[in-house]
Structure formats: structure tokens, C-alpha cells
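Chemist: Below you'll find the structure I mean.
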Amino acid sequence: MNPVATSDAAFRGGACPTPEYTIAYTGNYTTSADANADHDLTTSTFAVRVAASTGASLAASVLAGLCALSGPRHGGATSALSQLIAEASRDGVASTVDHWLNRGAELPGFGHPLYPDGDPRTVVMLEGSVIPDGMKRLADAVFTKTGLRPNCDFGLVAISTQFGLPQHASFSLFLIGRSVGWCAHAMEQSRSGQLIRPRGRYDGPTLALD
């Protein structure tokens with residue numbers, strides 16, 4: 001029995017998911033949340049700490065992180081990856097990868113500046129998971145063309161696809177895990193009692209003073 005296929009049909013009919021699905025999904029969900037709870041001072045995490053340093057409430061601090069995460073260059077990668085997967089399914093994997101690369105677009109879901117040899121979070125998240133065939137072919141094609149390996153966004157979309165979750169669920173999976181880390185950062189910053197106030201440095205032509 002394929003618990004994924006069974007549960008997907010059950011959800012559409014309004015029935016309860018199978019026990020096999022529940023066990024598999026719970027394990028993957030917990031692993032995903034743990035792997036993405038914290039990742040140093042990312043843009044959104046820094047926004048959380050800045051807000052918390054002003055004395056803002058925990059809810060307001062987490063909202064600051066969510067606002068930063070909403071940007072396409074931060075939390076929008078999973079949505080962009082879903083688009084890439086859809087195009088690869090429609091137009092073919094090789095031609096789609098070539099098309100994205102030829103127009104100078106980054107390939108969402110692949111590569112990470114901190115992990116040139118592969119994102120360890122992805123390895124943890126996908127252990128024991130069933131990666132969809134289309135995503136496997138895409139990963140192989142991207143690695144052949146660029147040497148880039150899947151990152152955590154790839155893992156999130158793979159888990160969402162495997163369990164037939166709604167569109168954009170991968171973003172929610174990431175957010176649920178990361179919000180726990182944000183709360184920890186906000187509380188730590190609040191206890192320090194220090195205001196984060198970076199200084200700006202002018203970078204431009206020398207101004208003549210009369």
C-alpha cells in the first residue's frame with residue numbers, strides 16, 4: 001500500500017488519512033521543523049532581533065520577521081521552485097533548465113552560499129522520504145549543468161509534494177519551524193536590554209563644502 005496515494009484520495013473525499021500516512025507525515029513534518037528552526041542571523045531573524053531590541057512585543061517581533069521573509073529573495077524561493085518544477089513537467093527538464101540559465105535566472109531550490117558541497121538540512125529532511133520522480137530528474141539535470149545541489153527549499157517542496165499538501169504549504173512548513181527560532185532570538189534579545197542601532201556609512205563622491 002502506498003500511504004501517500006491512499007491519503008491523497010482520502011483527503012479529496014473528506015475521509016481521515018491512513019495511519020501509515022499520519023506516521024510518515026508526522027515524522028517528516030517534525031524533521032522539517034527541527035532542521036529549519038534556526039540558521040544564524042538570516043535577514044528575517046535579524047529583523048526579529050532589531051524589533052525585539054526596541055522593546056516590541058514578542059508577537060510584533062515575529063511579525064517583523066514574517067514581513068522580511070515575505071520577500072521573493074528570502075521566503076519566496078519555494079514558490080519559485082514550484083514554478084520551475086511545473087515548467088520542467090510541461091516543457092521537459094533539460095530545456096527548462098537551459099531556458100532559466102540562458103536568461104540569467106537563478107535556479108530556486110538549488111545551491112547555497114554557505115554550503116558549496118550541499119545543504120545538510122536537505123539531507124536530514126529528505127532522509128526516508130519519497131522524492132517525486134520529476135524532482136529527481138530536475139535535481140540531476142541541475143547538478144549536471146551547474147554542479148549545484150538541492151537546498152532546504154527543495155526539501156520543503158519535496159515533502160509537500162510527497163504528501164499531497166496544498167499549494168504554498170512548503171512556505172508554511174518553513175515558517176512554522178523558523179518561528180520557533182524567532183521566538184528564541186526575540187526573547188534572548190529582550191533580556192539583553194540592548195538596542196540594535198547600526199550606523200550608516202556614506203559611500204559616494206566626496207562632497208565639496210563651501
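By convention here, the chains of the C-alpha cells are called A, B, ... in the order presented, each chain's residues are numbered starting at 1, and ligands are numbered starting at 1 in the order presented.
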Can you list every residue of segment 14-100 of chain A that has an atom at most 12 Å from segment 149-153 of chain A, with its nearest atom pair and the distance in Å to one decimal, using only C-alpha atoms, ordered by chain then number, as a Markdown table?
Modeler:
| residue | atom | partner | partner_atom | distance |
| --- | --- | --- | --- | --- |
| A:Thr31 | CA | A:Cys152 | CA | 11.8 |
| A:Ser32 | CA | A:Cys152 | CA | 9.0 |
| A:Ala33 | CA | A:Cys152 | CA | 11.3 |
| A:Ala35 | CA | A:Cys152 | CA | 8.7 |
| A:Asn36 | CA | A:Cys152 | CA | 8.1 |
| A:Ala37 | CA | A:Cys152 | CA | 11.9 |
| A:His39 | CA | A:Cys152 | CA | 11.2 |
| A:His74 | CA | A:Asp153 | CA | 10.5 |
| A:Gly75 | CA | A:Asp153 | CA | 9.0 |
| A:Gly76 | CA | A:Asp153 | CA | 9.4 |
| A:Ala77 | CA | A:Asp153 | CA | 6.6 |
| A:Thr78 | CA | A:Asp153 | CA | 5.4 |
| A:Ser79 | CA | A:Asp153 | CA | 9.2 |
| A:Ala80 | CA | A:Asp153 | CA | 9.7 |
| A:Leu81 | CA | A:Asp153 | CA | 7.8 |
| A:Ser82 | CA | A:Asp153 | CA | 9.9 |
Chemist: Just want the 12 Å neighbourhood of Leu84 of chain A, counted on only C-alpha atoms, with same-chain residues fewer than 4 positions away dropped. Output as a PyMOL selection string.
Modeler: chain A and resi 77-80+88-101+105-110+134-135+138-139+142+154+157
Chemist: Store the residues picked out above, limited to C-alpha atoms, as a tab-separated table (two decimals), in the first residue's frame.
Modeler:
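File out_22.tsv, as written:
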chain	number	residue	atom	x	y	z
A	77	ALA	CA	12.15	30.53	-3.12
A	78	THR	CA	9.73	27.65	-2.55
A	79	SER	CA	7.09	29.31	-4.71
A	80	ALA	CA	9.65	29.96	-7.45
A	88	ALA	CA	10.00	21.27	-16.31
A	89	SER	CA	6.99	18.94	-16.25
A	90	ARG	CA	5.39	20.79	-19.14
A	91	ASP	CA	8.37	21.63	-21.36
A	92	GLY	CA	10.93	19.00	-20.38
A	93	VAL	CA	13.62	19.11	-17.70
A	94	ALA	CA	16.67	19.81	-19.87
A	95	SER	CA	15.07	22.56	-21.95
A	96	THR	CA	13.61	24.24	-18.87
A	97	VAL	CA	16.93	24.31	-17.03
A	98	ASP	CA	18.64	25.69	-20.14
A	99	HIS	CA	15.93	28.34	-20.51
A	100	TRP	CA	16.31	29.57	-16.95
A	101	LEU	CA	20.10	29.61	-17.17
A	105	ALA	CA	17.81	33.46	-13.72
A	106	GLU	CA	18.87	31.76	-10.52
A	107	LEU	CA	17.59	28.23	-10.09
A	108	PRO	CA	15.42	28.26	-6.95
A	109	GLY	CA	15.87	25.27	-4.67
A	110	PHE	CA	19.50	24.73	-5.63
A	134	GLY	CA	10.12	14.77	-11.61
A	135	MET	CA	12.08	16.47	-8.85
A	138	LEU	CA	15.33	18.09	-12.17
A	139	ALA	CA	17.98	17.74	-9.45
A	142	VAL	CA	20.71	20.97	-12.49
A	154	PHE	CA	13.97	21.76	-2.43
A	157	VAL	CA	8.75	21.33	-1.70
Chemist: To one decimal place in Å, what is the distance between atom CA of Leu195 of chain A and atom CA of Val48 of chain A?
Modeler: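 Here the two named atoms are 12.4 Å from each other.
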Chemist: Tell me, which residues of segment 48-111 of chain A carry DSSP helix (DSSP H, G or I), written as a ChimeraX atom specification?
Modeler: /A:48-53,58-69,77-91,93-102
Chemist: Show me a table, sorted first by chain and then by increasing residue number, of the residues of segment 37-110 of chain A having an atom at most 9 Å from segment 180-191 of chain A, each with its shortest atom pair and the distance in Å to one decimal, counting only C-alpha atoms and written as a tab-separated table.
Modeler:
residue	atom	partner	partner_atom	distance
A:Ala37	CA	A:Gly181	CA	4.9
A:Asp38	CA	A:Gly181	CA	5.1
A:His39	CA	A:Gly181	CA	8.5
A:Ser44	CA	A:Trp182	CA	8.5
A:Thr45	CA	A:Trp182	CA	6.1
A:Phe46	CA	A:His185	CA	8.8
A:Val48	CA	A:Ala186	CA	6.2
A:Arg49	CA	A:Ala186	CA	5.4
A:Val50	CA	A:Gln189	CA	8.4
A:Ala51	CA	A:Ala186	CA	8.1
A:Ala52	CA	A:Ala186	CA	5.3
A:Ser53	CA	A:Ser190	CA	5.8
A:Thr54	CA	A:Ser190	CA	8.2
A:Gly55	CA	A:Ser190	CA	6.6
A:Ala56	CA	A:Ser190	CA	8.6
A:Ser57	CA	A:Ala186	CA	8.9
A:Leu58	CA	A:Ala186	CA	6.6
A:Ala59	CA	A:Cys183	CA	8.7
A:Ser61	CA	A:Ala186	CA	6.6
A:Val62	CA	A:Trp182	CA	6.3
A:Gly65	CA	A:Trp182	CA	7.5
